[in-house]
file structure_20.txt (compact mmCIF, C-alpha atoms)
# COMPACT_ATOMS: atom_id res chain seq x y z
CA MET P 14 -18.36 31.44 10.23
CA SER P 15 -19.09 27.95 8.90
CA ARG P 16 -15.89 28.06 6.85
CA ARG P 17 -13.72 28.72 9.90
CA ILE P 18 -15.41 25.93 11.84
CA LEU P 19 -14.89 23.54 8.92
CA ILE P 20 -11.20 24.44 8.62
CA ALA P 21 -10.71 24.08 12.36
CA CYS P 22 -12.45 20.70 12.46
CA ALA P 23 -10.54 19.36 9.46
CA SER P 24 -7.22 20.50 10.98
CA PHE P 25 -7.76 18.08 13.86
CA GLY P 26 -6.54 15.40 11.44
CA TYR P 27 -2.99 16.76 11.85
CA LEU P 28 -3.35 16.74 15.64
CA PHE P 29 -4.58 13.14 15.59
CA ILE P 30 -1.65 11.89 13.52
CA ALA P 31 0.84 13.76 15.73
CA LEU P 32 -0.68 12.29 18.91
CA PHE P 33 -1.19 8.77 17.51
CA PHE P 34 2.36 8.26 16.29
CA ALA P 35 3.85 10.09 19.28
CA ALA P 36 1.92 7.64 21.47
CA LEU P 37 3.35 4.64 19.61
CA LEU P 38 6.87 6.03 20.08
CA ILE P 39 6.37 6.89 23.77
CA ALA P 40 5.05 3.39 24.47
CA HIS P 41 8.12 1.80 22.77
CA TRP P 42 5.81 0.17 20.22
CA ILE P 43 7.81 1.09 17.14
CA PRO P 44 8.87 -1.54 16.23
CA PRO P 45 5.90 -3.41 17.73
CA MET P 46 6.22 -6.34 20.13
CA ALA P 47 6.26 -9.68 18.27
CA PRO P 48 3.43 -12.23 18.51
CA ASN P 49 5.91 -15.08 18.99
CA TRP P 50 7.48 -13.66 22.16
CA SER P 51 7.27 -15.90 25.22
CA ALA P 52 4.94 -14.97 28.10
CA GLU P 53 7.98 -14.11 30.23
CA ARG P 54 9.40 -11.77 27.61
CA VAL P 55 6.03 -10.02 27.21
CA ALA P 56 5.70 -9.64 31.00
CA ALA P 57 9.28 -8.32 31.22
CA PHE P 58 8.52 -5.75 28.51
CA TYR P 59 5.58 -4.43 30.50
CA THR P 60 7.65 -4.39 33.73
CA ASP P 61 10.54 -2.52 32.06
CA HIS P 62 8.40 0.06 30.26
CA ALA P 63 5.33 0.26 32.52
CA ASN P 64 5.18 4.03 32.82
CA SER P 65 6.11 4.80 29.19
CA ILE P 66 3.36 2.46 28.04
CA ARG P 67 0.81 4.03 30.42
CA THR P 68 1.77 7.55 29.27
CA GLY P 69 1.70 6.60 25.59
CA LEU P 70 -1.79 5.19 26.05
CA VAL P 71 -3.09 8.39 27.66
CA VAL P 72 -1.73 10.34 24.66
CA MET P 73 -3.41 7.90 22.26
CA LEU P 74 -6.71 8.24 24.12
CA VAL P 75 -6.62 12.01 23.57
CA GLY P 76 -5.71 11.40 19.93
CA ALA P 77 -8.73 9.14 19.41
CA VAL P 78 -11.10 11.95 20.35
CA ALA P 79 -9.27 14.30 17.96
CA THR P 80 -10.57 12.21 15.04
CA ALA P 81 -14.18 13.21 15.86
CA PRO P 82 -14.01 16.81 14.48
CA PHE P 83 -12.07 15.54 11.46
CA VAL P 84 -14.75 12.97 10.68
CA ALA P 85 -17.53 15.55 11.19
CA ALA P 86 -15.79 17.97 8.79
CA LEU P 87 -15.44 15.22 6.19
CA SER P 88 -19.16 14.37 6.35
CA SER P 89 -19.99 18.04 6.16
CA LEU P 90 -17.85 18.41 3.03
CA ILE P 91 -19.45 15.35 1.42
CA ARG P 92 -22.84 16.98 1.91
CA ARG P 93 -21.44 20.14 0.32
CA ILE P 94 -20.49 18.17 -2.80
CA ASP P 95 -24.17 17.38 -3.32
CA SER P 96 -26.92 17.29 -0.69
CA ARG P 97 -28.13 14.05 -2.30
CA LEU P 98 -24.92 12.41 -1.06
CA ALA P 99 -26.24 12.65 2.52
CA PRO P 100 -26.40 8.82 2.93
CA LEU P 101 -22.69 8.59 1.98
CA ALA P 102 -21.91 11.33 4.49
CA ALA P 103 -23.79 9.32 7.11
CA ILE P 104 -21.86 6.10 6.31
CA GLN P 105 -18.61 8.04 6.61
CA LEU P 106 -19.75 9.37 9.99
CA VAL P 107 -20.69 5.90 11.26
CA CYS P 108 -17.38 4.37 10.09
CA GLY P 109 -15.47 7.34 11.54
CA ALA P 110 -17.22 6.89 14.87
CA ALA P 111 -16.37 3.19 14.78
CA ASN P 112 -12.74 4.23 14.23
CA VAL P 113 -12.80 6.24 17.44
CA ALA P 114 -13.94 3.07 19.23
CA ALA P 115 -11.37 1.04 17.30
CA ILE P 116 -8.66 3.13 18.98
CA PHE P 117 -10.37 3.51 22.36
CA VAL P 118 -10.91 -0.20 22.96
CA PRO P 119 -7.30 -1.37 22.44
CA VAL P 120 -6.03 1.60 24.47
CA LEU P 121 -8.18 0.53 27.44
CA ILE P 122 -7.10 -3.13 27.05
CA PHE P 123 -3.42 -2.12 26.94
CA THR P 124 -3.95 0.13 29.96
CA ALA P 125 -5.33 -2.83 31.90
CA THR P 126 -2.35 -4.93 30.71
CA ALA P 127 0.15 -2.36 31.94
CA TYR P 128 -1.78 -1.81 35.18
CA ARG P 129 -0.32 -4.85 37.03
CA PRO P 130 2.82 -5.99 35.16
CA ASP P 131 3.82 -8.20 38.12
CA ARG P 132 0.84 -10.57 37.68
CA SER P 133 1.24 -14.07 36.21
CA PRO P 134 2.98 -13.70 32.78
CA ASP P 135 0.38 -15.90 31.06
CA ILE P 136 -2.38 -13.43 31.89
CA THR P 137 -0.28 -10.49 30.72
CA MET P 138 0.39 -12.33 27.46
CA ALA P 139 -3.33 -13.01 26.90
CA LEU P 140 -4.21 -9.36 27.54
CA ASN P 141 -1.35 -8.23 25.30
CA ASP P 142 -2.65 -10.47 22.48
CA LEU P 143 -6.11 -8.98 22.93
CA GLY P 144 -4.68 -5.45 22.77
CA TRP P 145 -2.53 -5.96 19.66
CA ILE P 146 -5.21 -7.87 17.80
CA SER P 147 -7.79 -5.19 18.46
CA LEU P 148 -5.35 -2.40 17.56
CA VAL P 149 -4.20 -3.88 14.23
CA MET P 150 -7.16 -5.96 13.05
CA ASN P 151 -9.63 -3.08 13.39
CA ALA P 152 -9.23 -1.98 9.77
CA PHE P 153 -12.76 -2.60 8.50
CA PRO P 154 -14.37 0.67 9.58
CA ALA P 155 -11.43 2.48 7.94
CA ILE P 156 -11.85 0.39 4.78
CA GLY P 157 -15.55 1.31 4.64
CA GLN P 158 -14.71 4.94 5.33
CA ALA P 159 -12.05 5.20 2.60
CA THR P 160 -14.30 3.44 0.07
CA VAL P 161 -17.31 5.66 0.71
CA VAL P 162 -15.19 8.82 0.62
CA GLY P 163 -13.80 7.68 -2.76
CA VAL P 164 -17.30 7.11 -4.12
CA ALA P 165 -18.46 10.54 -2.87
CA ILE P 166 -15.49 12.28 -4.53
CA LEU P 167 -16.22 10.55 -7.86
CA ALA P 168 -19.87 11.63 -7.59
CA ASP P 169 -18.75 15.29 -7.81
CA LYS P 170 -19.46 16.16 -11.45
CA ARG P 171 -18.60 19.88 -11.29
CA PRO P 172 -15.75 21.26 -13.44
CA THR P 173 -13.56 21.87 -10.37
CA PRO P 174 -14.66 19.27 -7.84
CA LEU P 175 -14.50 20.11 -4.14
CA LEU P 176 -11.97 17.31 -3.58
CA PRO P 177 -9.74 16.29 -6.53
CA ARG P 178 -10.70 13.11 -8.36
CA TRP P 179 -7.27 11.52 -7.86
CA ALA P 180 -8.02 11.59 -4.14
CA ALA P 181 -10.87 9.15 -4.81
CA TYR P 182 -8.47 6.61 -6.29
CA LEU P 183 -6.04 7.26 -3.45
CA ASN P 184 -8.86 6.37 -1.05
CA PHE P 185 -9.55 3.11 -2.93
CA TRP P 186 -5.87 2.23 -2.82
CA MET P 187 -5.74 2.96 0.92
CA ALA P 188 -8.75 0.71 1.48
CA PHE P 189 -6.78 -2.02 -0.28
CA LEU P 190 -3.64 -1.39 1.80
CA PHE P 191 -5.59 -1.72 5.07
CA LEU P 192 -6.92 -5.11 3.97
CA PRO P 193 -3.95 -7.45 4.77
CA SER P 194 -4.23 -6.75 8.51
CA ILE P 195 -7.26 -9.04 8.75
CA LEU P 196 -4.91 -11.96 7.96
CA LEU P 197 -3.04 -11.51 11.25
CA THR P 198 -5.48 -13.93 12.86
CA TYR P 199 -3.64 -16.81 11.09
CA PHE P 200 0.00 -15.88 11.66
CA LYS P 201 2.51 -15.37 14.46
CA THR P 202 5.46 -14.58 12.18
CA GLY P 203 5.95 -13.25 8.67
CA PRO P 204 4.48 -10.31 6.74
CA PHE P 205 0.91 -10.84 7.96
CA ALA P 206 1.63 -11.20 11.69
CA TRP P 207 0.55 -8.15 13.73
CA ASN P 208 4.12 -6.81 13.61
CA GLY P 209 4.58 -7.83 9.95
CA ILE P 210 5.51 -5.62 7.01
CA LEU P 211 2.06 -5.82 5.44
CA SER P 212 -0.16 -5.95 8.53
CA PHE P 213 1.66 -3.30 10.53
CA TRP P 214 4.24 -1.26 8.61
CA VAL P 215 2.37 -0.83 5.34
CA ALA P 216 -1.05 -0.45 7.01
CA ALA P 217 0.25 2.05 9.60
CA SER P 218 2.07 4.13 6.96
CA ALA P 219 -1.03 4.09 4.74
CA PHE P 220 -3.19 5.08 7.72
CA GLY P 221 -0.90 8.02 8.55
CA ALA P 222 -0.55 9.11 4.91
CA TRP P 223 -4.32 8.89 4.39
CA PHE P 224 -4.99 11.21 7.33
CA LEU P 225 -2.32 13.72 6.28
CA VAL P 226 -3.41 13.90 2.63
CA MET P 227 -7.12 14.03 3.48
CA THR P 228 -6.58 16.73 6.13
CA TYR P 229 -4.60 18.84 3.67
CA LEU P 230 -7.23 18.44 0.93
CA MET P 231 -10.10 19.06 3.35
CA VAL P 232 -8.58 22.27 4.72
CA ARG P 233 -8.06 23.44 1.15
CA ALA P 234 -11.60 22.48 0.16
CA ALA P 235 -13.08 24.08 3.30
CA SER P 236 -11.50 27.41 2.39
CA ARG P 237 -13.38 27.24 -0.93
CA VAL P 238 -16.91 26.58 0.35
CA ASP P 239 -19.31 29.48 0.50
CA ASP P 240 -19.52 31.13 3.85
CA ASP P 241 -22.80 32.92 3.47
CA ARG P 242 -25.32 30.33 4.50
CA ALA P 243 -26.84 32.19 7.41
CA PRO P 244 -28.95 30.18 9.83
CA ALA P 245 -32.63 30.24 8.96
CA VAL P 246 -34.65 32.93 10.70
CA LEU P 247 -36.85 31.36 13.32
CA GLU P 248 -40.42 32.33 14.08
CA PRO P 249 -40.70 33.95 17.49
CA VAL P 250 -42.13 31.67 20.14
CA ALA P 251 -45.77 32.50 20.70
CA MET X 10 -17.82 17.98 -16.57
CA THR X 11 -15.53 15.07 -17.17
CA ALA X 12 -17.25 14.58 -20.50
CA THR X 13 -16.06 17.94 -21.78
CA ALA X 14 -12.55 17.22 -20.57
CA ALA X 15 -12.62 13.94 -22.45
CA GLU X 16 -13.99 15.65 -25.53
CA THR X 17 -11.05 18.03 -25.74
CA GLU X 18 -8.76 15.08 -25.09
CA HIS X 19 -10.15 13.10 -28.01
CA SER X 20 -10.39 15.95 -30.47
CA ALA X 21 -6.73 16.77 -29.81
CA PRO X 22 -4.26 16.04 -32.61
CA PRO X 23 -3.02 12.43 -32.80
CA HIS X 24 0.41 13.19 -31.38
CA HIS X 25 -1.28 14.42 -28.19
CA ARG X 26 -0.43 12.07 -25.31
CA HIS X 27 -3.57 10.38 -24.09
CA ILE X 28 -3.68 8.63 -20.72
CA PRO X 29 -6.20 5.74 -20.86
CA GLY X 30 -9.07 6.24 -18.43
CA GLU X 31 -8.65 9.22 -16.16
CA PRO X 32 -5.21 10.15 -14.78
CA GLY X 33 -6.31 9.68 -11.15
CA LEU X 34 -7.09 6.01 -11.80
CA TRP X 35 -3.37 5.43 -12.36
CA ILE X 36 -2.67 6.32 -8.74
CA PHE X 37 -4.66 3.22 -7.86
CA LEU X 38 -3.21 1.04 -10.63
CA LEU X 39 0.43 2.00 -9.99
CA GLY X 40 -0.12 1.85 -6.23
CA ASP X 41 -1.54 -1.64 -6.56
CA MET X 42 1.36 -2.73 -8.71
CA ILE X 43 3.82 -1.38 -6.11
CA MET X 44 2.01 -3.46 -3.48
CA PHE X 45 2.25 -6.58 -5.63
CA SER X 46 5.95 -5.87 -6.25
CA VAL X 47 6.39 -6.18 -2.49
CA PHE X 48 4.61 -9.56 -2.69
CA PHE X 49 6.94 -10.64 -5.50
CA GLY X 50 9.88 -9.60 -3.32
CA PHE X 51 8.62 -11.82 -0.49
CA ILE X 52 8.36 -14.81 -2.84
CA ALA X 53 11.86 -14.19 -4.22
CA VAL X 54 13.35 -13.89 -0.73
CA LEU X 55 11.63 -17.11 0.38
CA HIS X 56 12.99 -18.92 -2.68
CA GLY X 57 16.48 -17.58 -1.98
CA ARG X 58 16.42 -18.64 1.67
CA HIS X 59 14.73 -22.04 1.42
CA PRO X 60 15.27 -23.28 -2.15
CA ARG X 61 14.68 -26.94 -1.27
CA MET X 62 11.45 -26.38 0.66
CA PHE X 63 10.31 -24.06 -2.13
CA ARG X 64 10.94 -26.66 -4.85
CA ALA X 65 9.39 -29.51 -2.84
CA SER X 66 6.24 -27.46 -2.18
CA GLN X 67 6.11 -26.31 -5.79
CA GLN X 68 5.60 -29.96 -6.83
CA ALA X 69 2.16 -29.89 -5.18
CA LEU X 70 0.91 -27.15 -7.50
CA HIS X 71 -0.65 -27.88 -10.88
CA PRO X 72 1.38 -26.05 -13.54
CA ASP X 73 -0.97 -27.26 -16.30
CA LEU X 74 -3.89 -25.48 -14.60
CA GLY X 75 -1.67 -22.43 -14.03
CA LEU X 76 -0.75 -22.41 -17.71
CA LEU X 77 -4.41 -22.80 -18.70
CA ASN X 78 -5.23 -19.79 -16.53
CA THR X 79 -2.38 -17.79 -18.09
CA LEU X 80 -3.80 -18.53 -21.54
CA LEU X 81 -7.31 -17.57 -20.39
CA LEU X 82 -6.09 -14.21 -19.11
CA LEU X 83 -3.97 -13.48 -22.20
CA THR X 84 -6.95 -14.31 -24.41
CA ALA X 85 -9.20 -12.09 -22.30
CA SER X 86 -6.71 -9.22 -22.56
CA ALA X 87 -6.48 -9.58 -26.33
CA LEU X 88 -10.29 -9.64 -26.58
CA VAL X 89 -10.58 -6.57 -24.33
CA ALA X 90 -7.99 -4.66 -26.39
CA ARG X 91 -9.84 -5.57 -29.59
CA GLY X 92 -13.21 -4.69 -28.06
CA LEU X 93 -11.95 -1.31 -26.85
CA ARG X 94 -10.60 -0.49 -30.32
CA GLN X 95 -14.03 -1.30 -31.76
CA LEU X 96 -15.79 0.78 -29.10
CA ARG X 97 -13.51 3.73 -29.90
CA SER X 98 -14.31 3.55 -33.58
CA GLY X 99 -18.03 3.19 -32.85
CA ARG X 100 -18.34 -0.38 -34.11
CA PRO X 101 -20.09 -3.14 -32.14
CA ALA X 102 -17.64 -4.88 -29.79
CA ARG X 103 -18.74 -8.51 -29.88
CA THR X 104 -15.53 -9.86 -28.36
CA LEU X 105 -16.20 -8.44 -24.90
CA PRO X 106 -18.65 -11.12 -23.62
CA TRP X 107 -16.02 -13.75 -24.51
CA ALA X 108 -13.46 -11.87 -22.44
CA LEU X 109 -15.90 -12.00 -19.53
CA LEU X 110 -16.27 -15.74 -20.07
CA CYS X 111 -12.46 -16.18 -19.95
CA ALA X 112 -12.37 -14.26 -16.65
CA LEU X 113 -15.06 -16.49 -15.15
CA GLY X 114 -13.12 -19.49 -16.46
CA PHE X 115 -9.99 -18.30 -14.63
CA ALA X 116 -11.92 -18.08 -11.35
CA ALA X 117 -13.37 -21.58 -11.87
CA VAL X 118 -9.97 -23.12 -12.70
CA LYS X 119 -8.37 -21.36 -9.72
CA GLY X 120 -11.11 -22.73 -7.46
CA CYS X 121 -10.45 -26.25 -8.76
CA GLU X 122 -6.72 -25.86 -8.20
CA TYR X 123 -7.24 -24.66 -4.62
CA ALA X 124 -9.50 -27.67 -4.01
CA LEU X 125 -6.88 -30.08 -5.44
CA VAL X 126 -4.04 -28.58 -3.42
CA ILE X 127 -6.08 -28.61 -0.21
CA ARG X 128 -7.22 -32.20 -0.89
CA ASP X 129 -3.55 -33.19 -1.05
CA GLY X 130 -3.20 -31.84 2.49
CA HIS X 131 -1.54 -28.48 1.81
CA THR X 132 -3.00 -25.45 3.57
CA PRO X 133 -1.75 -21.90 4.23
CA SER X 134 -0.42 -23.11 7.59
CA SER X 135 1.64 -25.98 6.03
CA ASN X 136 4.68 -23.79 5.39
CA ASP X 137 5.65 -20.31 4.17
CA PHE X 138 5.43 -21.36 0.52
CA PHE X 139 1.78 -22.35 0.82
CA MET X 140 1.03 -19.34 2.99
CA TYR X 141 2.32 -17.04 0.25
CA TYR X 142 0.71 -19.15 -2.46
CA PHE X 143 -2.77 -19.01 -0.94
CA VAL X 144 -2.61 -15.41 0.28
CA PHE X 145 -1.05 -13.81 -2.80
CA THR X 146 -3.02 -15.77 -5.40
CA GLY X 147 -6.09 -15.17 -3.20
CA ILE X 148 -5.50 -11.41 -3.25
CA HIS X 149 -5.01 -11.68 -7.01
CA LEU X 150 -8.29 -13.61 -7.27
CA ALA X 151 -10.01 -10.80 -5.32
CA HIS X 152 -8.63 -8.37 -7.91
CA LEU X 153 -9.88 -10.63 -10.67
CA THR X 154 -13.35 -10.63 -9.09
CA ILE X 155 -13.37 -6.82 -9.26
CA GLY X 156 -12.09 -7.25 -12.83
CA ILE X 157 -15.16 -9.38 -13.63
CA GLY X 158 -17.21 -6.39 -12.50
CA ALA X 159 -15.12 -4.11 -14.75
CA LEU X 160 -15.62 -6.44 -17.73
CA THR X 161 -19.37 -6.54 -17.02
CA VAL X 162 -19.38 -2.73 -17.20
CA LEU X 163 -17.56 -3.00 -20.54
CA VAL X 164 -20.12 -5.50 -21.87
CA VAL X 165 -23.02 -3.28 -20.75
CA LEU X 166 -21.39 -0.23 -22.38
CA SER X 167 -20.81 -2.13 -25.62
CA ARG X 168 -24.58 -2.70 -25.91
CA ARG X 169 -25.21 1.02 -26.21
CA ARG X 170 -25.62 2.42 -29.67
CA ALA X 171 -23.25 5.35 -29.20
CA LEU X 172 -20.77 6.03 -26.43
CA SER X 173 -20.30 9.50 -24.99
CA PRO X 174 -16.68 10.55 -24.33
CA GLY X 175 -17.46 10.07 -20.63
CA HIS X 176 -18.53 6.47 -21.26
CA LEU X 177 -15.40 5.92 -23.30
CA LEU X 178 -13.28 7.08 -20.36
CA VAL X 179 -15.05 4.58 -18.09
CA ALA X 180 -14.49 1.85 -20.69
CA GLU X 181 -10.79 2.71 -20.94
CA GLY X 182 -10.48 2.70 -17.16
CA ALA X 183 -12.14 -0.72 -16.92
CA ALA X 184 -9.86 -2.08 -19.65
CA ALA X 185 -6.75 -0.62 -17.99
CA TYR X 186 -7.74 -2.29 -14.72
CA TRP X 187 -8.25 -5.59 -16.49
CA HIS X 188 -4.82 -5.44 -18.13
CA MET X 189 -3.29 -4.85 -14.69
CA VAL X 190 -4.98 -8.02 -13.35
CA ASP X 191 -3.52 -9.90 -16.32
CA LEU X 192 -0.06 -8.39 -15.87
CA LEU X 193 0.07 -9.28 -12.15
CA TRP X 194 -0.76 -12.91 -12.93
CA LEU X 195 1.95 -12.99 -15.59
CA VAL X 196 4.48 -12.36 -12.80
CA LEU X 197 2.80 -14.50 -10.12
CA PHE X 198 2.56 -17.54 -12.40
CA PRO X 199 6.29 -18.04 -13.12
CA LEU X 200 7.24 -17.07 -9.56
CA PHE X 201 5.12 -19.80 -7.99
CA TYR X 202 4.98 -22.49 -10.67
CA LEU X 203 8.11 -22.24 -12.79
CA VAL X 204 11.05 -20.78 -10.83
CA ALA X 205 13.35 -23.67 -10.02

call {"tool": "encode", "arguments": {"input": "structure_20.txt", "output": "structure tokens"}}
result
Amino acid sequence: MSRRILIACASFGYLFIALFFAALLIAHWIPPMAPNWSAERVAAFYTDHANSIRTGLVVMLVGAVATAPFVAALSSLIRRIDSRLAPLAAIQLVCGAANVAAIFVPVLIFTATAYRPDRSPDITMALNDLGWISLVMNAFPAIGQATVVGVAILADKRPTPLLPRWAAYLNFWMAFLFLPSILLTYFKTGPFAWNGILSFWVAASAFGAWFLVMTYLMVRAASRVDDDRAPAVLEPVA
Amino acid sequence: MTATAAETEHSAPPHHRHIPGEPGLWIFLLGDMIMFSVFFGFIAVLHGRHPRMFRASQQALHPDLGLLNTLLLLTASALVARGLRQLRSGRPARTLPWALLCALGFAAVKGCEYALVIRDGHTPSSNDFFMYYFVFTGIHLAHLTIGIGALTVLVVLSRRRALSPGHLLVAEGAAAYWHMVDLLWLVLFPLFYLVA
């Protein structure tokens, strides 16, 4: 039974990626709005696309929850590598939970922004800044998550490790690719702005690729774990 | 065990192709180099679009310090290569602590250069040249800092009497990482300091 639950939980990674990128497309956020737009242009964007943005955000909200089973499956697999890796599994769980919040919070901010597009443009611009900054600059939980997953994979000393060792180095590389987004705080144009090649395009592609590769590897690993760990027999209540 | 895998690798005939470190590490190394190639592209495009601004800003850098750093890294790489050869043949690798010293020297010189450039009133927000200069050399410096950790691992390993094949793989991986840090600087240096 545990194997089927693990496979099902891991597979939610595919669902998340489908929902997350569909949401970006529905909301007209690919390519993203630019940080150097005027307040009037930002307000006009929200007026023109109000309902697409609202719908996209609802889809993204559902997607955020879909990461929870994925993260749980990953921690469960880390504990299967070696029960002594339990602290690493816990770090992964905490970072994964923070990632859920890292998607939830910007979604709610954007929803508030799109709620009254006819308000004063300056306020819409401020809310829009808050939304984009929290959506793109939230990389640190993901960096922690990728790093700790990499360490856990390298700790697997068996002849055929549960997750392949190259995946560890892929995780380290991903952690590095997420890093430039923290520079967006300094820039309104160029590669490090929130719509820039390095802050947005590279980081978003890495994020999507990371989820797809990890989901594939986790489903494969889950189908290899032993299925016979029956729950412990409990003493009858006196 | 990785150790057994390494054992078969090393006992293989000499014509056998050996990948330094473990193959998976090269995903990270090549991936990192792809990322830096994108950085190099940005610098080249900036130079192509604003040659005069680029050259004027370039004057504020200190090519002598950049050259000193290039020499420090090349020396470190030579010492690491020599040290690794000695580790492989089971001899004491006394060059490795000097490589570590060169790496620390690079970080110190880079810090001084940043201080000089900032003292002259140039910051990442001055223009796109200084933005790229500070961000890309800063990311390189972060890599170098990890490299200092890798060299420390090498020094610690070299103090052991005998290295297991597993240790040798770790040593090779650390050395491969260090050579990448060196290689990236060898492209960054001419792009920022010398291209005219």

call {"tool": "interface_residues", "arguments": {"input": "structure_20.txt", "of": "chain X", "to": "chain P", "cutoff": "10 Å", "atoms": "only C-alpha atoms", "output": "CSV table (one decimal) with C-alpha atoms, in the frame of the given file"}}
result
chain,number,residue,atom,x,y,z
X,10,MET,CA,-17.8,18.0,-16.6
X,11,THR,CA,-15.5,15.1,-17.2
X,12,ALA,CA,-17.2,14.6,-20.5
X,13,THR,CA,-16.1,17.9,-21.8
X,14,ALA,CA,-12.6,17.2,-20.6
X,31,GLU,CA,-8.6,9.2,-16.2
X,32,PRO,CA,-5.2,10.2,-14.8
X,33,GLY,CA,-6.3,9.7,-11.2
X,34,LEU,CA,-7.1,6.0,-11.8
X,35,TRP,CA,-3.4,5.4,-12.4
X,36,ILE,CA,-2.7,6.3,-8.7
X,37,PHE,CA,-4.7,3.2,-7.9
X,38,LEU,CA,-3.2,1.0,-10.6
X,39,LEU,CA,0.4,2.0,-10.0
X,40,GLY,CA,-0.1,1.8,-6.2
X,41,ASP,CA,-1.5,-1.6,-6.6
X,44,MET,CA,2.0,-3.5,-3.5
X,47,VAL,CA,6.4,-6.2,-2.5
X,48,PHE,CA,4.6,-9.6,-2.7
X,51,PHE,CA,8.6,-11.8,-0.5
X,133,PRO,CA,-1.8,-21.9,4.2
X,134,SER,CA,-0.4,-23.1,7.6
X,137,ASP,CA,5.6,-20.3,4.2
X,140,MET,CA,1.0,-19.3,3.0
X,141,TYR,CA,2.3,-17.0,0.2
X,144,VAL,CA,-2.6,-15.4,0.3
X,148,ILE,CA,-5.5,-11.4,-3.2

call {"tool": "atom_distance", "arguments": {"input": "structure_20.txt", "atom1": "CA of Ile157 (chain X)", "atom2": "CA of Thr132 (chain X)"}}
result
26.5 Å

call {"tool": "atom_distance", "arguments": {"input": "structure_20.txt", "atom1": "CA of Gln95 (chain X)", "atom2": "CA of Val190 (chain X)"}}
result
21.6 Å

call {"tool": "atom_distance", "arguments": {"input": "structure_20.txt", "atom1": "CA of Leu90 (chain P)", "atom2": "CA of Ile156 (chain P)"}}
result
19.1 Å

call {"tool": "residues_around", "arguments": {"input": "structure_20.txt", "residues": "Val238 (chain P)", "least_positions_apart": "2", "cutoff": "10 Å", "atoms": "all atoms listed in the file", "output": "compact mmCIF listing (two decimals) with C-alpha atoms, in the frame of the given file"}}
result
# COMPACT_ATOMS: atom_id res chain seq x y z
CA SER P 15 -19.09 27.95 8.90
CA ARG P 16 -15.89 28.06 6.85
CA LEU P 19 -14.89 23.54 8.92
CA LEU P 90 -17.85 18.41 3.03
CA ARG P 93 -21.44 20.14 0.32
CA ILE P 94 -20.49 18.17 -2.80
CA LEU P 175 -14.50 20.11 -4.14
CA ARG P 233 -8.06 23.44 1.15
CA ALA P 234 -11.60 22.48 0.16
CA ALA P 235 -13.08 24.08 3.30
CA SER P 236 -11.50 27.41 2.39
CA ASP P 240 -19.52 31.13 3.85
CA ASP P 241 -22.80 32.92 3.47

call {"tool": "residues_around", "arguments": {"input": "structure_20.txt", "residues": "Pro72 (chain X)", "least_positions_apart": "2", "cutoff": "12 Å", "atoms": "all atoms listed in the file", "output": "count of residues only"}}
result
21

call {"tool": "closest_residue", "arguments": {"input": "structure_20.txt", "among": "X:Pro106, X:Gly30, X:Gly114, X:Gly57", "to": "Val165 (chain X)", "atoms": "only C-alpha atoms"}}
result
X:Pro106

call {"tool": "closest_residue", "arguments": {"input": "structure_20.txt", "among": "P:Met73, P:Ala47, P:Ala35, P:Leu98", "to": "Ala206 (chain P)", "atoms": "all atoms listed in the file"}}
result
P:Ala47

call {"tool": "closest_residue", "arguments": {"input": "structure_20.txt", "among": "X:Leu160, X:Arg103, X:Phe143, X:Leu178", "to": "Leu197 (chain X)", "atoms": "all atoms listed in the file"}}
result
X:Phe143

call {"tool": "closest_residue", "arguments": {"input": "structure_20.txt", "among": "P:Ala40, P:Ala111, P:Ile122, P:Val55", "to": "Gly69 (chain P)", "atoms": "all atoms listed in the file"}}
result
P:Ala40

call {"tool": "residues_near_point", "arguments": {"input": "structure_20.txt", "point": "(-10.9, 3.7, -31.1)", "cutoff": "12 Å", "atoms": "all atoms listed in the file", "output": "compact mmCIF listing (two decimals) with C-alpha atoms, in the frame of the given file"}}
result
# COMPACT_ATOMS: atom_id res chain seq x y z
CA HIS X 19 -10.15 13.10 -28.01
CA PRO X 23 -3.02 12.43 -32.80
CA PRO X 29 -6.20 5.74 -20.86
CA ALA X 90 -7.99 -4.66 -26.39
CA ARG X 91 -9.84 -5.57 -29.59
CA GLY X 92 -13.21 -4.69 -28.06
CA LEU X 93 -11.95 -1.31 -26.85
CA ARG X 94 -10.60 -0.49 -30.32
CA GLN X 95 -14.03 -1.30 -31.76
CA LEU X 96 -15.79 0.78 -29.10
CA ARG X 97 -13.51 3.73 -29.90
CA SER X 98 -14.31 3.55 -33.58
CA GLY X 99 -18.03 3.19 -32.85
CA ARG X 100 -18.34 -0.38 -34.11
CA PRO X 101 -20.09 -3.14 -32.14
CA ALA X 102 -17.64 -4.88 -29.79
CA LEU X 172 -20.77 6.03 -26.43
CA PRO X 174 -16.68 10.55 -24.33
CA LEU X 177 -15.40 5.92 -23.30
CA LEU X 178 -13.28 7.08 -20.36
CA ALA X 180 -14.49 1.85 -20.69
CA GLU X 181 -10.79 2.71 -20.94

call {"tool": "residues_around", "arguments": {"input": "structure_20.txt", "residues": "Val84 (chain P)", "least_positions_apart": "2", "cutoff": "8 Å", "atoms": "all atoms listed in the file", "output": "list in words"}}
result
Ala23, Thr80, Ala81, Pro82, Ala86, Leu87, Ser88, Gln105, Leu106, Gly109 and Ala110 of chain P
